[in-house]
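*Asks:* Shown below is the structure under consideration.
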Amino acid sequence: MTGERVERRLAAVLAGTVEDYGRLMRADEEAVLIRLKTIRQTFVAPAIESHRGRIVKTSGDTMLAEFARPVDAARSAVEVQRAMAAQNGGKAKEAKIEFRIGMHVGDIMIDENDIFGDCVNIAVRLQGLADPGGI
């Protein structure tokens with residue numbers, strides 16, 4: 001052990017992923033990338049920020065966000081899913097971008113601007129259990 005202290009805190013972690021991202025990308029990579037970036041800028045980031053959260057990172061079809069309070073994470077997730085349902089209205093099933101969202105509250109470790117720990121791992125696993133468009 002180096003003697004370096006690891007920063008820890010209690011947090012609500014929100015993990016999101018795009019349902020069937022591989023199929024969407026195979027159909028039209030550039031269009032999906034542009035749509036996903038627009039969705040993140042228009043719906044996701046504002047919802048997270050308005051509920052006092054921060055986006056820790058995004059990578060391809062995944063996103064990780066941190067909140068100080070579980071109720072803020074839950075409200076943010078509901079707001080995102082409602083916005084996505086509205087923007088998907090009228091689109092064919094194969095053209096919809098839908099998120100699966102998982103949330104968990106627990107102790108996290110912070111290293112630079114990233115977060116780690118069982119809380120993060122559990123939130124990621126829970127997102128896989130959510131229905132498309134669900135939390």
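All residue names refer to the structure tokens as shown: chains lettered A, B, ... in order, residues numbered from 1 in each chain, ligands numbered from 1 in order.
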DSSP on the backbone, helix (DSSP H, G or I) only: what residues of chain A does that give? Format it as a PyMOL selection string.
*Replies:* chain A and resi 21-50+70-88+93-95+118-129
*Asks:* Would you give me, as number ranges by chain, the residues in chain A that DSSP reads as strand (DSSP E)?
*Replies:* A: 7-18, 53-59, 62-67, 99-111, 114-116
*Asks:* Find the spatial neighbours of Ala74 (chain A), counting only C-alpha atoms, within a cut-off of 12 Å - ignore same-chain residues fewer than 2 positions away - and output them as a PyMOL selection string.
*Replies:* chain A and resi 12-15+47-48+51-53+65-72+76-81+101-105+134-135
*Asks:* Rounded to one decimal place, report the CA of Gly90 (chain A)-CA of Glu19 (chain A) distance in Å.
*Replies:* 17.8 Å
*Asks:* If you count only C-alpha atoms, which residues fall within 12 Å of Ser59 (chain A), apart from same-chain ones fewer than 6 positions away, as a list in words?
*Replies:*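 In the requested form, the answer reads Ala15, Gly16, Thr17, Val18, Leu33, Leu36, Lys37 and Arg40 of chain A.
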*Asks:* Counting only C-alpha atoms, which residue out of A:Arg5, A:Ala86, A:Ile122, A:Lys93 sits closest to Gly106 (chain A)?
*Replies:*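 That would be A:Ile122, the residue with the smallest distance to Gly106 (chain A).
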*Asks:* One decimal, Å: what's the distance from CA of Arg8 (chain A) over to CA of Arg54 (chain A), could you say?
*Replies:*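 The value is 16.3 Å.
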*Asks:* Write out as a list of chain:residue names which residues come within 9 Å of region 24-30 of chain A when counting only C-alpha atoms, dropping same-chain ones fewer than 3 positions away.
*Replies:*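 My list of contacting residues is A:Glu19, A:Asp20, A:Tyr21, A:Leu33, A:Ile34, A:Arg35, A:Glu94, A:Ala95, A:Lys96, A:Ile97.
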*Asks:* Based on the selection just made, write C-alpha atoms of those residues as an mmCIF file, in the first residue's frame.
*Replies:*
data_model
loop_
_atom_site.group_PDB
_atom_site.id
_atom_site.type_symbol
_atom_site.label_atom_id
_atom_site.label_comp_id
_atom_site.auth_asym_id
_atom_site.auth_seq_id
_atom_site.Cartn_x
_atom_site.Cartn_y
_atom_site.Cartn_z
ATOM 1 C CA GLU A 19 -31.063 -0.709 -25.888
ATOM 2 C CA ASP A 20 -29.877 -2.702 -28.920
ATOM 3 C CA TYR A 21 -27.096 -0.218 -29.700
ATOM 4 C CA LEU A 33 -24.095 8.921 -33.275
ATOM 5 C CA ILE A 34 -25.558 12.318 -34.174
ATOM 6 C CA ARG A 35 -28.958 11.440 -32.660
ATOM 7 C CA GLU A 94 -36.346 -0.210 -35.114
ATOM 8 C CA ALA A 95 -35.693 3.556 -35.256
ATOM 9 C CA LYS A 96 -36.265 4.269 -31.550
ATOM 10 C CA ILE A 97 -33.408 5.042 -29.198
#
*Asks:* With distances taken over only C-alpha atoms, which residue among A:Glu49, A:Phe116, A:Asp107, A:Ala92 lies nearest Ala73 (chain A)?
*Replies:* A:Glu49
*Asks:* Restricting the calculation to only C-alpha atoms, which member of A:Ile110, A:Phe99, A:Arg23, A:Val44 is positioned closest to Gly128 (chain A)?
*Replies:*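 Answer, going by the shortest atom-to-atom distance: A:Phe99.
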*Asks:* CA of Met84 (chain A) to CA of Pro46 (chain A): how many Å, to one decimal?
*Replies:*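 CA of Pro46 (chain A) lies 13.1 Å from CA of Met84 (chain A).
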*Asks:* Give me, as an MDAnalysis selection string, all polymer residues having an atom no more than 10 Å from Asn113 (chain A), counting only C-alpha atoms and skipping those fewer than 2 positions away in the same chain.
*Replies:* chainID A and resid 55:57 110:111 115
